[in-house]
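Text of the file entry.csv, holding CSV, C-alpha atoms:
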```
chain,number,residue,atom,x,y,z
A,85,MET,CA,-10.7,0.2,31.6
A,86,ARG,CA,-7.2,0.2,32.9
A,87,ASN,CA,-7.7,-2.3,35.7
A,88,VAL,CA,-6.7,-5.8,34.9
A,89,HIS,CA,-7.5,-8.6,37.3
A,90,LYS,CA,-5.1,-11.3,37.6
A,91,GLY,CA,-6.8,-14.5,38.6
A,92,SER,CA,-4.9,-15.7,41.7
A,93,PRO,CA,-7.1,-17.3,44.3
A,94,ALA,CA,-5.1,-16.6,47.4
A,95,GLY,CA,-4.2,-12.9,47.0
A,96,ALA,CA,-5.5,-11.2,43.8
A,97,SER,CA,-3.6,-8.2,42.7
A,98,THR,CA,-4.8,-5.3,40.6
A,99,ALA,CA,-2.7,-3.6,37.9
A,100,THR,CA,-3.1,0.1,37.6
A,101,THR,CA,-1.0,3.3,37.8
A,102,LEU,CA,0.4,5.0,40.8
A,103,ASP,CA,-2.0,8.0,40.6
A,104,ARG,CA,-4.9,5.7,41.4
A,105,LEU,CA,-3.3,4.2,44.5
A,106,ARG,CA,-5.4,4.9,47.6
A,107,ARG,CA,-4.2,5.7,51.1
A,108,GLY,CA,-3.5,2.5,53.0
A,109,GLN,CA,-2.9,0.4,50.0
A,110,ILE,CA,0.4,-1.1,49.3
A,111,ALA,CA,1.6,-1.6,45.7
A,112,THR,CA,4.6,-3.0,43.8
A,113,VAL,CA,6.0,-1.0,40.9
A,114,THR,CA,5.9,-3.0,37.6
A,115,ALA,CA,7.1,-0.5,35.1
A,116,VAL,CA,8.2,3.1,34.7
A,117,ASP,CA,6.6,4.5,31.6
A,118,ILE,CA,8.5,7.8,31.7
A,119,HIS,CA,11.4,8.7,29.5
A,120,GLY,CA,14.5,10.9,29.6
A,121,PRO,CA,16.0,12.5,32.7
A,122,GLN,CA,12.9,12.1,34.7
A,123,ARG,CA,13.0,8.3,34.4
A,124,ARG,CA,16.6,8.4,35.5
A,125,ARG,CA,15.8,10.5,38.5
A,126,LEU,CA,12.9,8.3,39.6
A,127,MET,CA,15.0,5.2,39.3
A,128,ASP,CA,17.8,6.9,41.3
A,129,LEU,CA,15.3,7.6,44.0
A,130,GLY,CA,14.3,4.0,44.2
A,131,VAL,CA,11.2,3.9,41.9
A,132,LEU,CA,11.9,0.9,39.7
A,133,PRO,CA,10.2,-2.4,39.0
A,134,GLY,CA,10.0,-4.5,42.1
A,135,SER,CA,9.9,-1.5,44.5
A,136,ARG,CA,7.1,-1.6,47.1
A,137,ILE,CA,5.4,1.8,47.4
A,138,HIS,CA,2.6,3.3,49.4
A,139,ILE,CA,1.1,6.8,50.1
A,140,ASP,CA,2.8,8.6,53.0
A,141,ARG,CA,1.0,12.0,52.8
A,142,VAL,CA,-1.3,13.9,50.5
A,143,SER,CA,-1.0,17.6,50.0
A,144,PRO,CA,-4.2,19.7,50.6
A,145,LEU,CA,-5.1,19.6,46.9
A,146,GLY,CA,-4.0,16.1,46.3
A,147,ASP,CA,-1.2,17.0,44.1
A,148,PRO,CA,1.7,16.4,44.8
A,149,THR,CA,1.4,13.3,46.8
A,150,ALA,CA,4.2,12.0,49.0
A,151,TYR,CA,5.0,8.3,48.6
A,152,LEU,CA,7.2,6.0,50.7
A,153,VAL,CA,9.5,3.9,48.7
A,154,ARG,CA,12.6,1.9,49.7
A,155,GLY,CA,12.7,3.7,53.1
A,156,SER,CA,12.4,7.2,51.8
A,157,VAL,CA,9.7,9.7,51.1
A,158,ILE,CA,9.4,11.2,47.7
A,159,ALA,CA,6.8,13.6,46.4
A,160,LEU,CA,5.4,13.1,42.9
A,161,ARG,CA,3.0,15.1,40.7
A,162,ARG,CA,0.0,13.3,39.5
A,163,GLU,CA,1.3,13.5,36.0
A,164,GLN,CA,4.4,11.6,37.0
A,165,ALA,CA,2.5,9.1,39.1
A,166,ARG,CA,0.4,8.3,36.0
A,167,GLY,CA,3.4,7.0,34.3
A,168,ILE,CA,4.3,4.6,37.0
A,169,HIS,CA,2.6,1.2,36.6
A,170,ILE,CA,1.9,-0.8,39.7
A,171,THR,CA,0.1,-3.8,41.0
A,172,VAL,CA,-1.9,-3.2,44.2
A,173,GLU,CA,-1.7,-5.8,46.9
A,174,GLN,CA,-5.1,-6.9,48.2
A,175,GLU,CA,-5.6,-6.0,51.9
B,96,MET,CA,40.3,-4.2,64.2
B,97,ALA,CA,40.4,-5.0,60.6
B,98,ALA,CA,37.5,-4.3,58.3
B,99,ASP,CA,35.9,-7.1,56.3
B,100,LEU,CA,37.9,-7.2,53.2
B,101,PRO,CA,37.3,-9.1,50.1
B,102,THR,CA,39.9,-11.7,49.7
B,103,PRO,CA,42.7,-10.9,47.3
B,104,ASN,CA,42.3,-12.6,44.0
B,105,ALA,CA,44.3,-13.6,41.0
B,106,ASN,CA,42.4,-11.4,38.6
B,107,ALA,CA,42.0,-8.5,41.0
B,108,SER,CA,42.7,-4.9,40.0
B,109,PRO,CA,46.4,-4.0,40.3
B,110,PRO,CA,47.8,-1.7,42.9
B,111,PRO,CA,47.9,2.0,42.3
B,112,ALA,CA,49.3,2.7,38.8
B,113,ALA,CA,50.5,6.1,40.0
B,114,SER,CA,53.3,4.7,42.2
B,115,ALA,CA,54.3,2.3,39.6
B,116,ALA,CA,54.4,4.9,36.9
B,117,CYS,CA,56.7,7.4,38.6
B,118,GLY,CA,58.3,5.8,41.6
B,119,THR,CA,58.1,8.2,44.5
B,120,CYS,CA,55.6,10.5,42.9
B,121,VAL,CA,52.1,9.5,44.1
B,122,PHE,CA,50.3,12.1,42.1
B,123,ASN,CA,49.8,11.1,38.6
B,124,HIS,CA,46.6,13.2,38.6
B,125,ALA,CA,47.9,16.3,40.3
B,126,ALA,CA,47.3,18.4,37.2
B,127,GLN,CA,43.7,17.1,36.8
B,128,LEU,CA,43.1,17.7,40.5
B,129,ARG,CA,44.4,21.2,40.3
B,130,ALA,CA,42.2,21.8,37.3
B,131,LEU,CA,39.3,20.6,39.5
B,132,GLY,CA,40.4,23.1,42.2
B,133,VAL,CA,42.1,20.8,44.6
B,134,ASP,CA,45.7,21.5,45.6
B,135,VAL,CA,47.3,18.2,46.7
B,136,SER,CA,50.8,19.4,47.5
B,137,GLY,CA,52.0,18.2,50.9
B,138,HIS,CA,49.8,15.1,50.8
B,139,ASP,CA,50.5,11.5,50.0
B,140,HIS,CA,47.0,10.4,48.9
B,141,VAL,CA,43.7,11.9,47.9
B,142,VAL,CA,40.6,10.5,49.4
B,143,ALA,CA,37.1,11.5,48.1
B,144,LEU,CA,34.1,11.3,50.3
B,145,ALA,CA,30.9,10.5,48.5
B,146,GLY,CA,27.4,9.6,49.6
B,147,ASN,CA,23.7,10.3,49.4
B,148,PRO,CA,22.5,13.4,51.3
B,149,ASN,CA,21.7,12.7,55.0
B,150,THR,CA,24.0,9.8,55.5
B,151,GLY,CA,26.2,11.4,58.1
B,152,LYS,CA,28.8,12.2,55.5
B,153,SER,CA,29.8,15.5,57.2
B,154,THR,CA,30.1,13.6,60.5
B,155,VAL,CA,32.5,11.2,58.9
B,156,PHE,CA,34.4,14.0,57.4
B,157,ASN,CA,34.7,15.8,60.7
B,158,ALA,CA,35.6,12.6,62.6
B,159,LEU,CA,38.4,11.9,60.1
B,160,THR,CA,39.7,15.5,59.9
B,161,GLY,CA,39.0,16.4,63.5
B,162,LEU,CA,37.2,19.5,62.2
B,163,ARG,CA,40.4,20.8,60.6
B,164,GLN,CA,38.5,21.7,57.5
B,165,HIS,CA,37.9,24.7,55.4
B,166,VAL,CA,35.2,25.1,52.9
B,167,GLY,CA,36.5,25.4,49.5
B,168,ASN,CA,35.0,27.3,46.7
B,169,TRP,CA,37.0,27.6,43.6
B,170,PRO,CA,36.4,29.5,40.4
B,171,GLY,CA,34.8,27.5,37.6
B,172,LYS,CA,33.1,24.2,37.9
B,173,THR,CA,35.0,22.7,40.8
B,174,VAL,CA,34.5,20.8,43.9
B,175,THR,CA,32.2,22.9,46.1
B,176,GLY,CA,32.4,20.8,49.3
B,177,ALA,CA,34.8,21.0,52.1
B,178,GLU,CA,38.4,19.9,52.1
B,179,GLY,CA,40.5,18.7,54.9
B,180,GLY,CA,43.4,16.5,55.8
B,181,PHE,CA,44.4,13.8,58.2
B,182,GLY,CA,47.4,11.7,59.0
B,183,TYR,CA,47.4,8.0,59.5
B,184,ARG,CA,50.5,5.9,60.1
B,185,ARG,CA,52.8,8.6,58.9
B,186,ARG,CA,51.0,9.2,55.7
B,187,ARG,CA,49.2,12.4,54.9
B,188,TYR,CA,45.8,12.2,53.3
B,189,LYS,CA,43.8,14.9,51.6
B,190,LEU,CA,40.1,14.5,52.1
B,191,VAL,CA,37.7,16.0,49.6
B,192,ASP,CA,34.0,16.1,50.5
B,193,LEU,CA,31.9,15.7,47.4
B,194,PRO,CA,28.3,17.1,47.3
B,195,GLY,CA,25.8,14.6,48.6
B,196,THR,CA,24.0,13.0,45.6
B,197,TYR,CA,21.7,10.1,44.9
B,198,SER,CA,23.3,9.4,41.6
B,199,LEU,CA,26.0,10.4,39.2
B,200,LEU,CA,23.8,10.1,36.2
B,201,SER,CA,21.1,12.7,36.6
B,202,ASP,CA,21.6,16.2,35.3
B,203,SER,CA,22.3,18.4,38.3
B,204,GLN,CA,25.2,20.6,39.1
B,205,ASP,CA,26.0,18.7,42.3
B,206,GLU,CA,26.1,15.4,40.4
B,207,ASP,CA,28.3,16.9,37.7
B,208,VAL,CA,30.8,18.0,40.4
B,209,ALA,CA,30.9,14.7,42.1
B,210,ARG,CA,31.1,12.8,38.8
B,211,ASP,CA,33.8,15.0,37.3
B,212,PHE,CA,35.9,14.7,40.4
B,213,LEU,CA,35.7,10.9,40.4
B,214,LEU,CA,36.2,10.6,36.6
B,215,PHE,CA,39.0,13.1,36.1
B,216,GLY,CA,40.5,13.7,39.6
B,217,GLN,CA,40.8,9.9,40.0
B,218,PRO,CA,41.2,10.0,43.8
B,219,ASP,CA,43.4,7.2,45.3
B,220,VAL,CA,40.5,6.1,47.4
B,221,THR,CA,36.8,7.0,47.4
B,222,VAL,CA,34.9,6.5,50.6
B,223,VAL,CA,31.2,6.1,50.0
B,224,VAL,CA,29.2,6.8,53.1
B,225,VAL,CA,25.9,4.8,53.1
B,226,ASP,CA,23.0,4.9,55.5
B,227,ALA,CA,22.7,1.4,56.9
B,228,THR,CA,19.0,2.0,57.6
B,229,ARG,CA,18.3,2.8,53.9
B,230,LEU,CA,20.7,0.4,52.3
B,231,GLN,CA,18.7,-0.3,49.1
B,232,ARG,CA,18.5,3.2,48.0
B,233,ASN,CA,22.1,4.0,49.0
B,234,LEU,CA,23.5,1.1,47.0
B,235,ASN,CA,22.4,2.8,43.8
B,236,LEU,CA,25.2,5.4,44.2
B,237,VAL,CA,27.7,2.7,45.4
B,238,LEU,CA,27.1,0.7,42.2
B,239,GLN,CA,27.4,3.7,40.0
B,240,ILE,CA,30.7,4.7,41.6
B,241,LEU,CA,32.0,1.2,41.3
B,242,GLN,CA,31.6,1.5,37.5
B,243,ILE,CA,34.1,4.4,37.6
B,244,THR,CA,36.6,3.2,40.2
B,245,GLY,CA,37.2,0.1,42.1
B,246,ARG,CA,39.3,1.9,44.7
B,247,VAL,CA,36.4,2.2,47.0
B,248,VAL,CA,35.7,1.7,50.7
B,249,VAL,CA,32.0,1.6,51.8
B,250,ALA,CA,31.4,3.2,55.1
B,251,LEU,CA,28.3,1.5,56.4
B,252,ASN,CA,27.3,4.4,58.7
B,253,LEU,CA,24.4,4.8,61.2
B,254,ILE,CA,24.9,1.1,62.1
B,255,ASP,CA,23.7,1.9,65.7
B,256,GLU,CA,20.5,3.3,64.3
B,257,ALA,CA,20.0,0.3,62.1
B,258,HIS,CA,20.4,-2.0,65.1
B,259,ARG,CA,17.9,0.0,67.1
B,260,HIS,CA,15.4,-0.5,64.2
B,261,GLY,CA,16.0,-4.2,64.5
B,262,LEU,CA,18.0,-4.5,61.3
B,263,SER,CA,21.0,-6.7,61.2
B,264,LEU,CA,23.5,-6.3,58.4
B,265,ASP,CA,25.8,-8.9,56.9
B,266,GLN,CA,28.7,-6.7,56.0
B,267,ARG,CA,30.9,-9.6,55.0
B,268,HIS,CA,28.4,-10.7,52.4
B,269,LEU,CA,28.0,-7.1,51.2
B,270,ALA,CA,31.8,-6.7,50.9
B,271,ARG,CA,31.9,-9.9,48.9
B,272,GLU,CA,29.1,-8.9,46.6
B,273,LEU,CA,30.5,-5.4,46.0
B,274,GLY,CA,34.2,-6.5,45.8
B,275,VAL,CA,35.4,-3.7,48.1
B,276,PRO,CA,35.9,-3.3,51.8
B,277,VAL,CA,32.8,-2.5,53.9
B,278,VAL,CA,33.3,-0.9,57.3
B,279,PRO,CA,30.3,-0.7,59.7
B,280,MET,CA,30.4,2.4,61.7
B,281,ALA,CA,28.7,5.0,63.8
B,282,ALA,CA,30.6,8.2,63.0
B,283,ARG,CA,28.7,10.2,65.6
B,284,SER,CA,30.2,8.1,68.4
B,285,ARG,CA,33.4,7.5,66.5
B,286,ARG,CA,32.7,3.8,66.3
B,287,GLY,CA,34.4,2.1,63.4
B,288,LEU,CA,36.7,5.0,62.7
B,289,ASP,CA,39.9,3.0,63.1
B,290,ALA,CA,38.7,0.3,60.8
B,291,LEU,CA,37.8,2.9,58.3
B,292,LEU,CA,41.3,4.4,58.4
B,293,GLU,CA,42.8,1.0,58.0
B,294,ALA,CA,40.6,0.2,55.1
B,295,ILE,CA,41.5,3.5,53.4
B,296,GLU,CA,45.2,2.8,53.9
B,297,GLN,CA,44.9,-0.6,52.5
B,298,VAL,CA,43.1,0.5,49.3
B,299,ALA,CA,45.4,3.5,49.0
B,300,LEU,CA,48.5,1.4,49.2
B,301,GLY,CA,47.0,-1.5,47.2
B,302,THR,CA,47.7,-3.9,50.0
B,303,VAL,CA,44.2,-5.2,49.6
B,304,ALA,CA,43.1,-5.9,46.1
B,305,THR,CA,39.6,-4.7,45.4
B,306,ARG,CA,37.5,-6.3,42.7
B,307,ALA,CA,34.6,-3.9,42.1
B,308,ARG,CA,31.3,-5.3,40.9
B,309,ARG,CA,30.8,-4.1,37.4
B,310,VAL,CA,27.4,-4.1,35.8
B,311,HIS,CA,27.4,-5.8,32.4
B,312,HIS,CA,24.9,-4.9,29.8
B,313,GLY,CA,25.6,-8.2,28.0
B,314,ASP,CA,24.7,-7.0,24.6
B,315,ALA,CA,27.3,-7.4,21.8
B,316,ARG,CA,26.1,-4.5,19.7
B,317,THR,CA,26.3,-2.1,22.6
B,318,GLU,CA,29.6,-3.5,23.6
B,319,ARG,CA,30.9,-2.9,20.1
B,320,ALA,CA,29.6,0.7,20.0
B,321,VAL,CA,31.1,1.4,23.4
B,322,ARG,CA,34.5,0.0,22.4
B,323,GLU,CA,34.5,2.0,19.1
B,324,LEU,CA,33.5,5.3,20.8
B,325,ALA,CA,36.0,4.8,23.7
B,326,ALA,CA,38.8,4.3,21.2
B,327,GLN,CA,37.7,7.4,19.4
B,328,LEU,CA,37.6,9.4,22.6
B,329,LEU,CA,41.1,8.3,23.5
B,330,ARG,CA,42.4,9.4,20.0
B,331,GLU,CA,40.7,12.8,20.5
B,332,TYR,CA,41.7,13.2,24.1
B,333,PRO,CA,45.0,11.4,24.8
B,334,GLY,CA,45.4,10.5,28.5
B,335,LEU,CA,41.6,10.7,29.1
B,336,ALA,CA,40.6,8.4,31.9
B,337,ASN,CA,37.5,6.2,32.1
B,338,THR,CA,36.8,6.4,28.4
B,339,ARG,CA,34.5,3.3,28.5
B,340,TRP,CA,32.3,4.9,31.0
B,341,ILE,CA,32.2,8.2,29.1
B,342,ALA,CA,31.4,6.4,25.9
B,343,LEU,CA,28.5,4.6,27.5
B,344,ARG,CA,27.1,7.8,28.9
B,345,LEU,CA,27.4,9.5,25.5
B,346,LEU,CA,25.5,6.5,23.9
B,347,GLU,CA,22.8,7.0,26.4
B,348,GLY,CA,22.6,10.7,25.5
B,349,ASP,CA,23.7,12.0,29.0
B,350,PRO,CA,23.4,15.8,28.6
B,351,GLY,CA,26.1,16.5,31.3
B,352,ILE,CA,28.7,14.4,29.5
B,353,GLU,CA,27.7,15.8,26.1
B,354,ARG,CA,28.3,19.3,27.6
B,355,ALA,CA,31.7,18.2,29.0
B,356,VAL,CA,32.7,17.3,25.4
B,357,THR,CA,31.4,20.5,23.8
B,358,ASP,CA,32.5,23.0,26.4
B,359,GLY,CA,36.0,21.8,26.6
B,360,THR,CA,35.9,20.2,30.0
B,361,LEU,CA,37.1,16.9,28.6
B,362,ASP,CA,39.9,18.6,26.8
B,363,ARG,CA,40.9,20.5,29.9
B,364,LEU,CA,40.9,17.5,32.1
B,365,SER,CA,42.4,14.9,29.8
B,366,SER,CA,46.0,16.1,29.4
B,367,PRO,CA,48.1,17.4,32.2
B,368,THR,CA,49.4,20.9,32.1
B,369,PRO,CA,53.1,21.1,31.3
B,370,HIS,CA,54.3,22.4,34.7
B,371,ALA,CA,52.5,19.6,36.5
B,372,VAL,CA,54.3,16.8,34.7
B,373,SER,CA,56.5,14.9,37.0
B,374,SER,CA,60.1,13.9,36.4
B,375,GLU,CA,58.9,11.3,34.0
B,376,THR,CA,58.6,12.6,30.5
B,377,PRO,CA,56.3,10.8,28.2
B,378,GLY,CA,57.6,9.6,24.9
B,379,THR,CA,61.3,9.8,25.7
```
In structure tokens, what does this structure look like?
Amino acid sequence: MRNVHKGSPAGASTATTLDRLRRGQIATVTAVDIHGPQRRRLMDLGVLPGSRIHIDRVSPLGDPTAYLVRGSVIALRREQARGIHITVEQE
Amino acid sequence: MAADLPTPNANASPPPAASAACGTCVFNHAAQLRALGVDVSGHDHVVALAGNPNTGKSTVFNALTGLRQHVGNWPGKTVTGAEGGFGYRRRRYKLVDLPGTYSLLSDSQDEDVARDFLLFGQPDVTVVVVDATRLQRNLNLVLQILQITGRVVVALNLIDEAHRHGLSLDQRHLARELGVPVVPMAARSRRGLDALLEAIEQVALGTVATRARRVHHGDARTERAVRELAAQLLREYPGLANTRWIALRLLEGDPGIERAVTDGTLDRLSSPTPHAVSSETPGT
């Protein structure tokens, strides 16, 4: 399994990848496991470790999904979202 | 009203090399600028306008030029944005609108154009228009530009909108951190325009010393490689500007810069064409 639980009593957070983020959840990017120009592009658009991210809109087929990050909306394919590691904040 | 300017400092960057090099001739880079498709005759200074898309860059452009613009489209890979002019305190400025980009490092044509202009055109001042409501994202481009040139003014635009959203911005702190003037403004209602003009003049004339924040990679091996490659570039292309930056990009495998080396862009933009050389003759 990919999910790792960090034992913090007050607010537990869950490590996963962005494609598994659900609507309404807020996450923090921990790593961008994508290489080459795409990595550069994502970082230029604000997707880098420490960025908070959540789902803004989902297209009818669920792919791509629009995320809100650093005040802007960006659309990502599931394939790209899979390469972005996050920790989900517990509601 | 003066902008918030970083205090002049002992190890600050020197005033424009251009005026020092050839007395009255301001345009050291006239040839490179011409190669990039910009004719600077009849102007004292060249000002580039950069920024992310949707930051009100065009509004700033129009506010500065009073709509006296024409859209330029030159043959070859040149500046594709608008060009205009304005006068301020008896000096004439040429304003070149660069394509709106999030970055100078990704591989798109707009970014190539903006990057080439900053690298090789070496404008006297680069105004980076940032959206005050999306500062985090916008600062990415600011920092990237600061790696190329310190002769920058940050126009903190849409400040009225930021205030409406309950955001307060500490522009003094920002100016200190970045090492360049930061001017809060609302270009739509022409707020802050005078301060922007003054800041442009101060950077153009070197009356305010900027001290751009540079990002250090802090790795001795990388540093050595960069130095070596930069020296090699300079041998290959005498007169080439920003060799350190170019070397760093080449080491990172930037396809745009690799292309600039192989397709002759670097060669074309490194040495001035004979007819453009000013009264000063090198080597005599």
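If you measure from each of A:Ser156, A:Thr101, A:Gln109, A:Thr171 to chain B using all atoms listed in the file, the closest one turns out to be A:Ser156.
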What residues in chain A have any atom no more than 12 Å from chain B when counting all atoms listed in the file, and can you write them as number ranges by chain?
A: 119-132, 134-136, 152-157
Do you have the atom CA of B:Arg267-atom CA of B:Val248 distance handy?
13.0 Å
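Comparing B:Val310, B:Val191, B:Leu213, B:Val223 by their smallest distance to B:Gln127, the closest is B:Leu213 (using only C-alpha atoms).
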Any idea what the distance is between atom CA of B:Val249 and atom CA of B:Gly195?
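Interatomic distance here is 14.8 Å.
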Given all atoms listed in the file as the counted atoms, nearest of A:Arg161, A:Gly108, A:Ala99, A:Pro133 to A:Leu145
A:Arg161
Rounded to one decimal, what separation in Å do you get between atom CA of B:Arg306 and atom CA of B:Leu144?
19.5 Å
Compile the contact shell of B:Leu251 as a ChimeraX atom specification: residues with an atom at most 10 Å away, counting all atoms listed in the file, same-chain residues fewer than 2 positions apart removed.
/B:150,223-228,230,233,248-249,253-254,264,266,277-282,287,291
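Among the candidates B:Ala270, B:Leu324, B:Ala158, B:Ile295, the one nearest to B:Arg187 when counting only C-alpha atoms is B:Ile295.
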Let me make sure I understand: among B:His124, B:Arg308, B:Arg322, B:His258, which one has the smallest atom-to-atom distance to B:Phe212 if we use only C-alpha atoms?
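Using only C-alpha atoms, the shortest distance to B:Phe212 belongs to B:His124.
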Write out as an mmCIF file with C-alpha atoms, keeping the file's coordinate frame the residues lying within 9 Å of B:Val275, counting only C-alpha atoms and excluding same-chain residues fewer than 4 positions away.
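Saved result, part-v2.cif, follows:
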```
data_model
loop_
_atom_site.group_PDB
_atom_site.id
_atom_site.type_symbol
_atom_site.label_atom_id
_atom_site.label_comp_id
_atom_site.auth_asym_id
_atom_site.auth_seq_id
_atom_site.Cartn_x
_atom_site.Cartn_y
_atom_site.Cartn_z
ATOM 1 C CA ASP B 99 35.900 -7.100 56.300
ATOM 2 C CA LEU B 100 37.900 -7.200 53.200
ATOM 3 C CA PRO B 101 37.300 -9.100 50.100
ATOM 4 C CA GLY B 245 37.200 0.100 42.100
ATOM 5 C CA ARG B 246 39.300 1.900 44.700
ATOM 6 C CA VAL B 247 36.400 2.200 47.000
ATOM 7 C CA VAL B 248 35.700 1.700 50.700
ATOM 8 C CA VAL B 249 32.000 1.600 51.800
ATOM 9 C CA LEU B 269 28.000 -7.100 51.200
ATOM 10 C CA ALA B 270 31.800 -6.700 50.900
ATOM 11 C CA ARG B 271 31.900 -9.900 48.900
ATOM 12 C CA VAL B 298 43.100 0.500 49.300
ATOM 13 C CA ALA B 304 43.100 -5.900 46.100
ATOM 14 C CA THR B 305 39.600 -4.700 45.400
ATOM 15 C CA ARG B 306 37.500 -6.300 42.700
ATOM 16 C CA ALA B 307 34.600 -3.900 42.100
ATOM 17 C CA ARG B 308 31.300 -5.300 40.900
#
```
Which is closest to A:Val116 among A:Ile139, A:Leu102, A:Tyr151, A:Pro144, if we use all atoms listed in the file?
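Of all the options, A:Leu102 lies closest to A:Val116.
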